[in-house]
>>> print(open('coords.txt').read())   # compact mmCIF, C-alpha atoms and all ligand atoms
# COMPACT_ATOMS: atom_id res chain seq x y z
CA MET U 1 -8.09 -11.74 -33.93
CA ASP U 2 -4.92 -10.23 -32.54
CA ALA U 3 -5.64 -9.43 -28.91
CA SER U 4 -2.75 -8.06 -26.87
CA PRO U 5 -2.65 -9.06 -23.20
CA THR U 6 -4.76 -7.11 -20.75
CA LEU U 7 -3.02 -3.97 -19.59
CA SER U 8 -3.38 -4.47 -15.85
CA ARG U 9 -3.45 -7.45 -13.53
CA ALA U 10 -4.48 -6.54 -10.02
CA HIS U 11 -8.10 -5.88 -10.93
CA THR U 12 -10.30 -6.52 -13.89
CA THR U 13 -9.53 -3.99 -16.56
CA PRO U 14 -11.61 -4.27 -19.67
CA VAL U 15 -9.22 -2.37 -21.94
CA ARG U 16 -7.09 -3.95 -24.65
CA TYR U 17 -6.13 -3.51 -28.28
CA ILE U 18 -7.97 -5.69 -30.73
CA ASP U 19 -6.86 -5.51 -34.37
CA GLY U 20 -4.98 -2.30 -33.59
CA ILE U 21 -7.91 -0.44 -32.01
CA LEU U 22 -8.24 0.16 -28.29
CA CYS U 23 -11.38 -1.60 -27.10
CA LEU U 24 -13.38 -1.70 -23.90
CA ASP U 25 -15.11 -5.03 -23.31
CA GLY U 26 -14.27 -5.79 -26.94
CA LEU U 27 -16.05 -2.67 -28.28
CA PRO U 28 -13.83 -0.30 -30.31
CA LEU U 29 -13.64 2.96 -28.38
CA ASP U 30 -13.77 5.10 -31.54
CA GLN U 31 -17.17 3.60 -32.30
CA VAL U 32 -18.38 3.77 -28.69
CA VAL U 33 -17.84 7.54 -28.57
CA ALA U 34 -18.93 8.21 -32.16
CA GLY U 35 -22.50 9.07 -31.15
CA VAL U 36 -21.73 11.55 -28.36
CA GLY U 37 -18.33 12.79 -29.45
CA THR U 38 -15.39 13.60 -27.21
CA PRO U 39 -14.42 13.91 -24.49
CA ALA U 40 -16.42 11.08 -22.95
CA TYR U 41 -16.08 8.78 -19.96
CA VAL U 42 -16.68 5.13 -20.83
CA TYR U 43 -17.22 2.49 -18.12
CA SER U 44 -17.47 -1.26 -18.22
CA LEU U 45 -20.19 -2.12 -15.73
CA ASP U 46 -19.25 -5.78 -16.09
CA ALA U 47 -15.67 -5.02 -15.01
CA MET U 48 -16.95 -3.01 -12.03
CA ALA U 49 -19.19 -5.94 -11.13
CA ALA U 50 -16.25 -8.36 -11.41
CA ASN U 51 -14.11 -6.13 -9.22
CA LEU U 52 -16.87 -5.92 -6.59
CA VAL U 53 -17.36 -9.68 -6.59
CA ARG U 54 -13.61 -10.15 -6.24
CA VAL U 55 -13.51 -8.03 -3.06
CA GLN U 56 -16.65 -9.75 -1.74
CA GLN U 57 -15.10 -13.17 -2.31
CA ALA U 58 -11.72 -12.16 -0.92
CA PHE U 59 -13.30 -11.06 2.34
CA ALA U 60 -16.03 -13.71 2.60
CA PRO U 61 -13.76 -16.08 4.58
CA ILE U 62 -13.36 -13.46 7.31
CA GLY U 63 -16.96 -12.31 7.17
CA GLY U 64 -16.45 -8.93 5.50
CA SER U 65 -19.32 -7.04 3.85
CA VAL U 66 -18.68 -4.50 1.10
CA SER U 67 -20.12 -0.98 1.23
CA TYR U 68 -19.10 0.58 -2.08
CA SER U 69 -17.69 4.07 -1.62
CA VAL U 70 -20.05 6.14 -3.75
CA LYS U 71 -17.64 9.07 -4.05
CA ALA U 72 -15.44 7.11 -6.46
CA ASN U 73 -18.07 6.94 -9.20
CA SER U 74 -21.62 7.87 -8.36
CA ASN U 75 -23.36 7.43 -11.70
CA GLN U 76 -26.82 5.94 -11.15
CA ALA U 77 -26.10 3.14 -13.62
CA VAL U 78 -23.03 2.15 -11.60
CA LEU U 79 -24.91 2.25 -8.30
CA ALA U 80 -27.81 0.21 -9.68
CA ARG U 81 -25.49 -2.49 -11.00
CA LEU U 82 -23.54 -2.75 -7.75
CA ALA U 83 -26.72 -2.73 -5.65
CA ALA U 84 -28.04 -5.67 -7.68
CA LEU U 85 -24.91 -7.59 -6.66
CA GLY U 86 -25.58 -7.07 -2.98
CA ALA U 87 -23.29 -4.13 -2.31
CA GLY U 88 -24.09 -1.81 0.54
CA PHE U 89 -23.04 1.82 0.14
CA ASP U 90 -20.96 4.40 1.97
CA VAL U 91 -21.96 8.01 1.25
CA VAL U 92 -20.43 11.33 2.24
CA SER U 93 -23.15 13.85 1.41
CA GLY U 94 -26.88 14.30 1.23
CA GLY U 95 -26.52 14.20 -2.53
CA GLU U 96 -24.84 10.81 -2.50
CA LEU U 97 -27.41 9.51 -0.04
CA SER U 98 -30.17 10.76 -2.30
CA ARG U 99 -28.58 8.91 -5.25
CA VAL U 100 -28.39 5.66 -3.30
CA LEU U 101 -32.00 5.94 -2.14
CA ASP U 102 -33.10 6.60 -5.72
CA VAL U 103 -31.60 3.38 -7.05
CA GLY U 104 -33.64 1.53 -4.45
CA ALA U 105 -30.70 0.50 -2.27
CA ASP U 106 -31.43 -0.59 1.29
CA PRO U 107 -30.90 2.44 3.56
CA ALA U 108 -30.25 0.06 6.46
CA ARG U 109 -27.14 -1.10 4.56
CA THR U 110 -25.94 2.42 3.88
CA SER U 111 -23.42 4.28 6.03
CA PHE U 112 -22.79 8.02 6.08
CA ALA U 113 -19.22 9.31 6.59
CA GLY U 114 -17.65 12.75 6.58
CA VAL U 115 -16.29 15.40 8.96
CA GLY U 116 -18.86 18.06 8.14
CA LYS U 117 -22.38 16.73 7.90
CA THR U 118 -25.00 19.49 8.02
CA ASP U 119 -28.27 19.37 9.99
CA GLU U 120 -30.09 18.86 6.70
CA GLU U 121 -27.93 15.85 5.91
CA LEU U 122 -28.26 14.37 9.38
CA LEU U 123 -32.03 14.76 9.10
CA LEU U 124 -32.09 12.86 5.81
CA ALA U 125 -29.94 10.09 7.29
CA VAL U 126 -32.13 9.79 10.38
CA ARG U 127 -35.33 9.81 8.36
CA HIS U 128 -34.13 6.86 6.30
CA GLY U 129 -32.51 4.84 9.06
CA VAL U 130 -28.98 5.20 7.72
CA LEU U 131 -26.04 4.40 10.00
CA VAL U 132 -24.01 7.54 10.75
CA ASN U 133 -20.25 7.31 11.27
CA VAL U 134 -19.67 10.27 13.56
CA GLU U 135 -16.42 12.23 13.63
CA SER U 136 -16.63 14.55 16.64
CA ALA U 137 -18.36 15.10 19.98
CA ASP U 138 -20.17 18.12 18.50
CA GLU U 139 -21.53 15.96 15.70
CA LEU U 140 -22.80 13.43 18.24
CA ASP U 141 -24.66 16.24 20.02
CA ALA U 142 -26.14 17.42 16.72
CA LEU U 143 -27.20 13.90 15.80
CA GLN U 144 -28.71 13.31 19.26
CA ARG U 145 -30.78 16.49 18.84
CA THR U 146 -31.97 15.39 15.40
CA ALA U 147 -32.80 11.87 16.54
CA ALA U 148 -34.72 13.14 19.58
CA ALA U 149 -36.63 15.68 17.49
CA MET U 150 -37.70 12.97 15.08
CA GLY U 151 -38.37 10.37 17.74
CA ARG U 152 -35.98 7.93 16.06
CA ARG U 153 -33.23 5.72 17.32
CA VAL U 154 -30.11 6.08 15.19
CA ARG U 155 -27.25 3.62 14.76
CA VAL U 156 -23.90 5.29 15.22
CA GLY U 157 -20.30 4.35 14.49
CA LEU U 158 -17.34 6.27 15.89
CA ARG U 159 -14.78 7.25 13.28
CA ILE U 160 -11.41 6.72 14.87
CA ASN U 161 -8.21 8.51 13.97
CA PRO U 162 -5.80 5.59 14.45
CA ALA U 163 -2.68 7.76 14.14
CA VAL U 164 -1.31 5.49 11.45
CA THR U 165 0.42 6.96 8.41
CA VAL U 166 0.28 4.77 5.33
CA ALA U 167 2.77 5.05 2.48
CA THR U 168 0.58 6.69 -0.12
CA LEU U 169 0.60 10.19 -1.63
CA ALA U 170 0.42 12.71 1.23
CA PRO U 171 -2.98 14.15 0.23
CA MET U 172 -4.44 10.65 0.46
CA GLN U 173 -3.20 9.88 3.97
CA THR U 174 -6.31 10.12 6.09
CA GLY U 175 -5.35 8.12 9.19
CA SER U 176 -2.34 10.04 10.43
CA ALA U 177 -2.49 11.82 13.78
CA ARG U 178 -2.62 15.26 12.14
CA ALA U 179 -5.43 14.35 9.74
CA LYS U 180 -8.78 16.06 10.25
CA PHE U 181 -10.61 12.75 10.20
CA GLY U 182 -12.07 10.92 13.16
CA VAL U 183 -11.39 11.23 16.89
CA PRO U 184 -8.20 10.09 18.62
CA THR U 185 -8.54 6.90 20.64
CA ASP U 186 -8.51 8.61 24.05
CA GLU U 187 -11.39 10.83 22.95
CA ALA U 188 -13.17 7.77 21.55
CA ARG U 189 -12.97 6.18 24.99
CA GLU U 190 -14.44 9.32 26.54
CA LEU U 191 -17.29 9.17 24.04
CA VAL U 192 -17.87 5.53 24.94
CA ASP U 193 -18.05 6.61 28.59
CA ALA U 194 -20.54 9.31 27.65
CA PHE U 195 -22.72 6.72 25.91
CA VAL U 196 -22.58 4.50 28.98
CA ALA U 197 -23.51 7.48 31.14
CA GLY U 198 -26.63 7.99 29.01
CA ARG U 199 -25.64 11.25 27.33
CA TYR U 200 -27.02 10.16 23.94
CA PRO U 201 -30.29 8.38 24.74
CA ASP U 202 -31.49 8.24 21.13
CA LEU U 203 -28.23 7.00 19.62
CA GLU U 204 -27.21 3.37 19.50
CA PRO U 205 -23.44 2.89 19.37
CA VAL U 206 -22.80 -0.05 17.05
CA GLY U 207 -19.05 0.14 16.47
CA VAL U 208 -16.05 1.90 15.01
CA HIS U 209 -14.93 3.17 11.61
CA MET U 210 -11.73 4.30 9.93
CA HIS U 211 -10.25 5.06 6.54
CA VAL U 212 -6.47 5.17 6.62
CA GLY U 213 -5.98 6.36 3.08
CA SER U 214 -6.34 5.61 -0.59
CA GLN U 215 -4.14 3.68 -2.98
CA VAL U 216 -2.61 2.05 0.11
CA PRO U 217 0.41 0.13 -1.20
CA GLU U 218 0.52 -2.72 1.31
CA PRO U 219 -1.67 -4.08 4.12
CA GLY U 220 0.64 -3.32 7.07
CA GLY U 221 -0.80 0.08 7.95
CA MET U 222 -4.35 -1.15 7.64
CA VAL U 223 -3.54 -4.03 9.99
CA ARG U 224 -1.97 -1.71 12.59
CA ALA U 225 -4.92 0.65 12.41
CA THR U 226 -7.37 -2.25 12.73
CA GLU U 227 -5.62 -3.26 15.94
CA VAL U 228 -6.25 0.24 17.25
CA LEU U 229 -9.93 -0.06 16.37
CA LEU U 230 -10.20 -3.47 18.00
CA ASP U 231 -8.88 -1.95 21.24
CA VAL U 232 -11.64 0.67 21.16
CA LEU U 233 -14.26 -2.00 20.45
CA GLU U 234 -12.92 -4.00 23.37
CA TYR U 235 -13.11 -0.95 25.62
CA GLY U 236 -16.72 -0.31 24.60
CA GLN U 237 -17.76 -3.90 25.18
CA GLN U 238 -16.06 -3.97 28.59
CA ALA U 239 -17.81 -0.73 29.43
CA GLY U 240 -21.13 -2.41 28.75
CA LEU U 241 -22.05 -1.40 25.20
CA ALA U 242 -23.58 -4.73 24.18
CA GLY U 243 -24.10 -4.03 20.49
CA PHE U 244 -20.68 -2.44 19.96
CA ARG U 245 -19.26 -4.87 17.40
CA ARG U 246 -19.14 -3.23 13.98
CA LEU U 247 -15.61 -2.94 12.59
CA ASP U 248 -15.61 -0.75 9.46
CA ILE U 249 -12.07 -0.48 8.12
CA GLY U 250 -12.83 1.83 5.19
CA GLY U 251 -11.46 1.58 1.67
CA GLY U 252 -8.06 2.15 0.13
CA PHE U 253 -7.18 -0.96 -1.86
CA PRO U 254 -4.70 0.00 -4.56
CA ILE U 255 -4.94 -0.44 -8.30
CA ASP U 256 -2.18 -1.24 -10.73
CA HIS U 257 -1.62 1.77 -12.97
CA GLY U 258 0.66 -0.27 -15.18
CA GLY U 259 4.13 -1.36 -14.31
CA GLU U 260 4.02 -1.52 -10.54
CA SER U 261 2.63 -4.61 -8.90
CA VAL U 262 0.14 -4.00 -6.11
CA PRO U 263 -1.47 -6.41 -3.67
CA GLY U 264 -5.01 -7.51 -4.47
CA PRO U 265 -7.88 -7.64 -1.95
CA GLU U 266 -6.99 -11.26 -1.15
CA GLU U 267 -3.66 -10.16 0.29
CA PHE U 268 -5.34 -7.52 2.45
CA ALA U 269 -7.87 -10.10 3.68
CA ALA U 270 -5.11 -12.59 4.46
CA ALA U 271 -3.17 -9.97 6.43
CA LEU U 272 -6.25 -9.05 8.47
CA ALA U 273 -7.40 -12.63 9.07
CA PRO U 274 -5.21 -13.33 12.12
CA LEU U 275 -6.70 -10.34 13.95
CA LEU U 276 -10.22 -11.60 13.39
CA ARG U 277 -9.74 -15.30 14.04
CA GLY U 278 -12.36 -16.54 16.46
CA ARG U 279 -14.11 -13.15 16.49
CA ASP U 280 -17.44 -14.23 15.05
CA ASP U 281 -19.01 -11.67 17.37
CA LEU U 282 -17.64 -8.87 15.14
CA GLU U 283 -19.16 -7.51 11.93
CA LEU U 284 -16.50 -6.49 9.42
CA PHE U 285 -17.20 -3.85 6.75
CA LEU U 286 -15.08 -2.50 3.88
CA GLU U 287 -15.60 0.59 1.77
CA PRO U 288 -13.65 0.18 -1.47
CA GLY U 289 -14.14 2.72 -4.23
CA ARG U 290 -11.14 3.02 -6.54
CA SER U 291 -10.41 -0.72 -6.74
CA ILE U 292 -13.93 -1.35 -8.02
CA ALA U 293 -14.50 1.54 -10.40
CA GLY U 294 -11.03 2.84 -11.34
CA PRO U 295 -9.68 0.20 -13.72
CA ALA U 296 -13.09 -0.24 -15.31
CA GLY U 297 -13.25 3.18 -16.93
CA VAL U 298 -11.46 5.35 -19.47
CA LEU U 299 -11.69 8.95 -20.55
CA VAL U 300 -11.60 9.23 -24.34
CA ALA U 301 -10.41 12.56 -25.74
CA ARG U 302 -9.38 14.03 -29.05
CA VAL U 303 -6.23 15.79 -30.16
CA LEU U 304 -7.10 19.37 -31.09
CA TYR U 305 -3.71 20.75 -31.99
CA ARG U 306 -0.01 20.07 -32.06
CA LYS U 307 2.29 22.74 -30.67
CA HIS U 308 5.88 22.88 -31.72
CA ARG U 309 8.37 23.74 -29.00
CA PRO U 310 12.13 23.43 -29.19
CA GLY U 311 13.01 19.82 -28.45
CA ARG U 312 9.50 19.01 -27.32
CA ARG U 313 6.40 17.53 -28.81
CA MET U 314 3.19 18.88 -27.34
CA LEU U 315 -0.43 17.93 -27.91
CA VAL U 316 -3.46 19.98 -26.88
CA LEU U 317 -6.53 17.86 -26.11
CA ASP U 318 -10.22 18.63 -25.92
CA THR U 319 -10.15 17.59 -22.26
CA GLY U 320 -8.27 19.02 -19.32
CA MET U 321 -8.09 19.38 -15.56
CA HIS U 322 -11.74 20.46 -15.48
CA HIS U 323 -12.75 16.98 -16.64
CA PHE U 324 -10.04 14.89 -15.04
CA ILE U 325 -8.25 16.69 -12.23
CA ARG U 326 -6.15 13.90 -10.69
CA PRO U 327 -2.93 14.60 -12.62
CA ALA U 328 -3.08 18.33 -11.81
CA LEU U 329 -4.29 17.92 -8.23
CA TYR U 330 -1.88 15.23 -7.12
CA ARG U 331 0.97 16.07 -9.48
CA THR U 332 0.89 12.51 -10.64
CA SER U 333 1.03 11.21 -14.16
CA VAL U 334 0.19 7.61 -13.31
CA HIS U 335 -2.68 7.51 -15.77
CA ARG U 336 -1.46 5.94 -18.97
CA ILE U 337 -2.48 7.80 -22.09
CA LEU U 338 -2.87 5.46 -25.04
CA PRO U 339 -3.65 6.17 -28.68
CA VAL U 340 -6.98 4.63 -29.63
CA ARG U 341 -5.38 3.56 -32.91
CA GLU U 342 -2.33 1.50 -31.94
CA ALA U 343 1.00 2.75 -33.29
CA PRO U 344 4.59 2.72 -32.09
CA SER U 345 5.68 5.54 -29.81
CA ALA U 346 7.46 8.45 -31.45
CA GLY U 347 8.95 9.58 -28.13
CA PRO U 348 7.96 11.59 -25.07
CA THR U 349 5.09 13.95 -25.62
CA GLU U 350 3.75 16.69 -23.38
CA VAL U 351 -0.02 16.36 -23.17
CA VAL U 352 -2.00 19.40 -22.07
CA GLY U 353 -5.59 20.55 -21.77
CA PRO U 354 -7.33 23.75 -22.89
CA VAL U 355 -7.82 25.36 -19.45
CA CYS U 356 -6.13 28.66 -18.63
CA GLU U 357 -3.90 27.22 -15.90
CA SER U 358 -0.32 26.05 -16.20
CA THR U 359 -1.18 23.03 -14.07
CA ASP U 360 -3.56 21.85 -16.77
CA THR U 361 -0.96 19.33 -17.91
CA PHE U 362 -1.61 15.60 -17.96
CA SER U 363 1.88 14.39 -18.66
CA GLU U 364 5.26 15.78 -19.67
CA ASP U 365 6.47 12.55 -21.20
CA ALA U 366 3.64 10.37 -22.46
CA GLN U 367 4.89 7.77 -24.91
CA LEU U 368 2.68 8.48 -27.89
CA PRO U 369 2.88 8.09 -31.64
CA ASP U 370 2.89 11.10 -33.94
CA LEU U 371 -0.73 12.03 -33.49
CA VAL U 372 -2.50 14.63 -35.57
CA PRO U 373 -5.59 16.75 -34.95
CA GLY U 374 -8.66 14.54 -34.79
CA ASP U 375 -6.87 11.47 -33.41
CA LEU U 376 -8.27 9.88 -30.26
CA VAL U 377 -6.48 9.03 -27.03
CA ALA U 378 -7.71 7.27 -23.90
CA PHE U 379 -6.75 7.86 -20.27
CA LEU U 380 -6.72 4.57 -18.40
CA ASP U 381 -7.99 3.90 -14.88
CA ALA U 382 -10.34 6.88 -15.09
CA GLY U 383 -13.42 5.06 -13.77
CA ALA U 384 -12.87 6.35 -10.22
CA TYR U 385 -12.37 9.97 -9.13
CA GLY U 386 -12.80 11.10 -12.72
CA MET U 387 -16.25 12.42 -13.57
CA VAL U 388 -17.12 12.83 -9.87
CA MET U 389 -14.38 15.45 -9.54
CA ALA U 390 -15.09 17.21 -12.84
CA SER U 391 -16.09 20.87 -12.82
CA ASN U 392 -17.49 23.51 -15.12
CA TYR U 393 -14.45 25.78 -14.78
CA ASN U 394 -14.22 28.23 -17.69
CA THR U 395 -17.93 27.49 -18.28
CA ASN U 396 -17.02 24.22 -19.89
CA ARG U 397 -19.45 21.35 -20.19
CA ARG U 398 -18.60 18.18 -18.30
CA PRO U 399 -18.20 15.04 -20.41
CA PRO U 400 -21.01 12.58 -21.01
CA GLU U 401 -20.79 9.11 -19.44
CA ILE U 402 -21.27 5.92 -21.42
CA ALA U 403 -21.85 2.52 -19.83
CA VAL U 404 -20.88 -0.68 -21.57
CA GLU U 405 -22.82 -3.66 -20.25
CA GLY U 406 -23.37 -7.10 -21.70
CA GLY U 407 -21.62 -6.19 -24.94
CA SER U 408 -23.57 -3.05 -25.80
CA HIS U 409 -23.23 0.58 -24.80
CA ARG U 410 -25.59 3.34 -23.77
CA VAL U 411 -25.28 6.94 -22.66
CA VAL U 412 -25.93 7.07 -18.91
CA ARG U 413 -25.46 10.82 -18.62
CA PRO U 414 -25.57 13.11 -21.62
CA ARG U 415 -23.19 15.96 -22.25
CA GLU U 416 -24.35 19.18 -20.64
CA GLU U 417 -25.58 22.06 -22.78
CA TRP U 418 -23.79 25.39 -22.48
CA ARG U 419 -27.02 27.19 -21.61
CA ASP U 420 -27.77 24.70 -18.82
CA LEU U 421 -24.64 25.92 -17.11
CA TYR U 422 -26.04 29.39 -16.53
CA ALA U 423 -29.77 29.12 -17.19
CA SER U 424 -30.71 29.62 -13.51
CA GLU U 425 -28.45 32.64 -13.00
CA GLY U 426 -29.18 36.34 -12.93
N1 LIG U 501 -14.32 5.36 2.82
C1 LIG U 501 -14.04 6.61 3.19
C2 LIG U 501 -14.54 7.11 4.46
C3 LIG U 501 -13.28 7.43 2.35
O1 LIG U 501 -12.98 8.67 2.73
C4 LIG U 501 -12.82 6.92 1.09
C5 LIG U 501 -12.03 7.76 0.20
C6 LIG U 501 -13.17 5.60 0.74
C7 LIG U 501 -13.91 4.85 1.63
C8 LIG U 501 -12.77 4.99 -0.58
O2 LIG U 501 -11.41 4.86 -0.75
P1 LIG U 501 -10.80 4.11 -2.02
O3 LIG U 501 -11.11 2.65 -1.87
O4 LIG U 501 -11.42 4.67 -3.22
O5 LIG U 501 -9.35 4.39 -1.92
N2 LIG U 501 -9.88 11.96 -4.85
C9 LIG U 501 -8.81 11.03 -4.52
C10 LIG U 501 -9.23 9.95 -3.59
C11 LIG U 501 -9.77 10.48 -2.29
C12 LIG U 501 -10.47 9.42 -1.54
C13 LIG U 501 -10.98 9.92 -0.24
N3 LIG U 501 -11.68 8.95 0.51
C14 LIG U 501 -8.21 10.47 -5.81
O6 LIG U 501 -8.54 10.96 -6.89
O7 LIG U 501 -7.37 9.59 -5.74
>>> encode(input="coords.txt", output="structure tokens", more="lines below")
Ligand code: LLP
Amino acid sequence: MDASPTLSRAHTTPVRYIDGILCLDGLPLDQVVAGVGTPAYVYSLDAMAANLVRVQQAFAPIGGSVSYSVKANSNQAVLARLAALGAGFDVVSGGELSRVLDVGADPARTSFAGVGKTDEELLLAVRHGVLVNVESADELDALQRTAAAMGRRVRVGLRINPAVTVATLAPMQTGSARAKFGVPTDEARELVDAFVAGRYPDLEPVGVHMHVGSQVPEPGGMVRATEVLLDVLEYGQQAGLAGFRRLDIGGGFPIDHGGESVPGPEEFAAALAPLLRGRDDLELFLEPGRSIAGPAGVLVARVLYRKHRPGRRMLVLDTGMHHFIRPALYRTSVHRILPVREAPSAGPTEVVGPVCESTDTFSEDAQLPDLVPGDLVAFLDAGAYGMVMASNYNTNRRPPEIAVEGGSHRVVRPREEWRDLYASEG
């Protein structure tokens, strides 16, 4: 068997050519999608599990617990597999919380983040005993009202804006001073004072939270922001908040899109270790999403047509920005597009989708062979922020999702039907 080396190193990626066919966990992708057709998302649950375990092991020496960020890939099959491995979960909506509850995850090990939680969502969180990471004084008031009305005591974390800008794509910088997320440290101290003064009798302040950004290229920014959080924790403890010891540093670990070398979770853990030495009193939490799910999934699509433009090769696929929006949204073409049947590149190829938007372009210069209608291609690293960000724009159906686990595959979400898209209208 002629197996080329794995295509990425920083995290487990299950994708490689075997005997000239692109395979996921050793299964030929053309066969995996044969039953449902294209486009289709295909995930290796074993690779996601391996990536989770890797983060868990990297942070075990400094006592870190992993709460998987559900927003990255929220398929129930994914959540069930990660729950079985002891992951907690971080959710950002009532819908995500509902998903987590339905796979039987422990609500006490679930946290709820987000700048705009509604009363309905707060109610659901309080009912199930979920920890709420609060982002504003108004939200604390709303949560206090909900907790009092339900006669429940609610664990609360304060999301801090650490005013740290990390070197990632601008739309993914969430810890800079101008970002909408969290409260600045001086306001956090005022909120601590308000807790001490008894303003929130039904809320129990358990610690602090942050998320400095995604695809964070190196640990420095995360370390600086963690120092900011430690100061707030210190302030709270000095002020008399006995149980104020939860340090949730969010997600953001980068993945290797091919070519560039990125630090793995071990390097982040090593960089954070000096800050936490001798701090057994603290409880460290992490919320990785992309680094667990991203490299473990692909989007398989089919070439519909070739278009002939002067000096340019162009392929139209049966998938577009409605199914996989990252390239259009972030103007990034980091996702490698590979032919499912291996062949030498015939030069740069513009790869576009069918949607009526000029931004529906995946790449201007993908290195692809001379493909013809009917040929299959795969987008790599599409296991995170792929299907979860898909839409029905142009009344298109979203792709089905296929899980590969233990050497066999199954459909874990079927393709939608056109009529389902409008059946409840009118
Ligand atoms: N925790 C919180 C509070 C977050 O806001 C996020 C991501 C995470 C954890 C997980 O971060 P990760 O480990 O996946 O970097 N749609 C974008 C990514 C936006 C992520 C926003 N928050 C993309 O396609 O790259």
>>> residues_near_ligand(input="coords.txt", ligand="ligand LIG 501 (chain U)", cutoff="8 Å", atoms="all atoms listed in the file", output="JSON, numbers by chain")
{"U": [68, 69, 71, 72, 90, 92, 113, 114, 172, 174, 210, 211, 213, 214, 215, 216, 250, 251, 252, 253, 254, 286, 287, 288, 289, 290, 291, 292, 325, 326, 330, 384, 385, 386, 389]}
>>> atom_distance(input="coords.txt", atom1="atom CA of U:Pro14", atom2="atom CA of U:Val42")
10.7 Å
>>> residues_around(input="coords.txt", residues="U:Arg246", least_positions_apart="6", cutoff="9 Å", atoms="only C-alpha atoms", output="PDB file with C-alpha atoms, in the frame of the given file")
ATOM      1  CA  GLY U 157     -20.300   4.350  14.490  1.00  0.00           C
ATOM      2  CA  VAL U 206     -22.800  -0.050  17.050  1.00  0.00           C
ATOM      3  CA  GLY U 207     -19.050   0.140  16.470  1.00  0.00           C
ATOM      4  CA  VAL U 208     -16.050   1.900  15.010  1.00  0.00           C
ATOM      5  CA  HIS U 209     -14.930   3.170  11.610  1.00  0.00           C
ATOM      6  CA  LEU U 233     -14.260  -2.000  20.450  1.00  0.00           C
ATOM      7  CA  LEU U 282     -17.640  -8.870  15.140  1.00  0.00           C
ATOM      8  CA  GLU U 283     -19.160  -7.510  11.930  1.00  0.00           C
ATOM      9  CA  LEU U 284     -16.500  -6.490   9.420  1.00  0.00           C
ATOM     10  CA  PHE U 285     -17.200  -3.850   6.750  1.00  0.00           C
TER      11      PHE U 285
END
>>> residues_around(input="coords.txt", residues="U:Phe244", least_positions_apart="4", cutoff="12 Å", atoms="only C-alpha atoms", output="PDB file with C-alpha atoms, keeping the file's coordinate frame")
ATOM      1  CA  ARG U 155     -27.250   3.620  14.760  1.00  0.00           C
ATOM      2  CA  VAL U 156     -23.900   5.290  15.220  1.00  0.00           C
ATOM      3  CA  GLY U 157     -20.300   4.350  14.490  1.00  0.00           C
ATOM      4  CA  LEU U 158     -17.340   6.270  15.890  1.00  0.00           C
ATOM      5  CA  VAL U 192     -17.870   5.530  24.940  1.00  0.00           C
ATOM      6  CA  PHE U 195     -22.720   6.720  25.910  1.00  0.00           C
ATOM      7  CA  VAL U 196     -22.580   4.500  28.980  1.00  0.00           C
ATOM      8  CA  GLU U 204     -27.210   3.370  19.500  1.00  0.00           C
ATOM      9  CA  PRO U 205     -23.440   2.890  19.370  1.00  0.00           C
ATOM     10  CA  VAL U 206     -22.800  -0.050  17.050  1.00  0.00           C
ATOM     11  CA  GLY U 207     -19.050   0.140  16.470  1.00  0.00           C
ATOM     12  CA  VAL U 208     -16.050   1.900  15.010  1.00  0.00           C
ATOM     13  CA  HIS U 209     -14.930   3.170  11.610  1.00  0.00           C
ATOM     14  CA  LEU U 229      -9.930  -0.060  16.370  1.00  0.00           C
ATOM     15  CA  LEU U 230     -10.200  -3.470  18.000  1.00  0.00           C
ATOM     16  CA  ASP U 231      -8.880  -1.950  21.240  1.00  0.00           C
ATOM     17  CA  VAL U 232     -11.640   0.670  21.160  1.00  0.00           C
ATOM     18  CA  LEU U 233     -14.260  -2.000  20.450  1.00  0.00           C
ATOM     19  CA  GLU U 234     -12.920  -4.000  23.370  1.00  0.00           C
ATOM     20  CA  TYR U 235     -13.110  -0.950  25.620  1.00  0.00           C
ATOM     21  CA  GLY U 236     -16.720  -0.310  24.600  1.00  0.00           C
ATOM     22  CA  GLN U 237     -17.760  -3.900  25.180  1.00  0.00           C
ATOM     23  CA  GLN U 238     -16.060  -3.970  28.590  1.00  0.00           C
ATOM     24  CA  ALA U 239     -17.810  -0.730  29.430  1.00  0.00           C
ATOM     25  CA  GLY U 240     -21.130  -2.410  28.750  1.00  0.00           C
ATOM     26  CA  ASP U 248     -15.610  -0.750   9.460  1.00  0.00           C
ATOM     27  CA  ASP U 281     -19.010 -11.670  17.370  1.00  0.00           C
ATOM     28  CA  LEU U 282     -17.640  -8.870  15.140  1.00  0.00           C
ATOM     29  CA  GLU U 283     -19.160  -7.510  11.930  1.00  0.00           C
TER      30      GLU U 283
END
>>> atom_distance(input="coords.txt", atom1="atom CA of U:Ser136", atom2="atom CA of U:Gly221")
23.1 Å
>>> atom_distance(input="coords.txt", atom1="atom CA of U:Arg313", atom2="atom CA of U:Ile255")
29.5 Å
>>> closest_residue(input="coords.txt", among="U:Leu299, U:Ala269, U:Leu368, U:Ala403", to="U:Gln57", atoms="all atoms listed in the file")
U:Ala269
>>> residues_around(input="coords.txt", residues="U:Leu272", least_positions_apart="4", cutoff="9 Å", atoms="all atoms listed in the file", output="ChimeraX atom specification")
/U:62,219,222-223,226,267-268,276
>>> closest_residue(input="coords.txt", among="U:Gly95, U:Gly182, U:Gly264, U:Gly26", to="U:Asn75", atoms="only C-alpha atoms")
U:Gly95
>>> residues_around(input="coords.txt", residues="U:His322", least_positions_apart="3", cutoff="12 Å", atoms="all atoms listed in the file", output="JSON, numbers by chain")
{"U": [39, 318, 319, 325, 326, 327, 328, 329, 352, 353, 354, 355, 356, 357, 359, 360, 361, 362, 386, 387, 388, 389, 390, 391, 392, 393, 394, 395, 396, 397, 398, 399]}
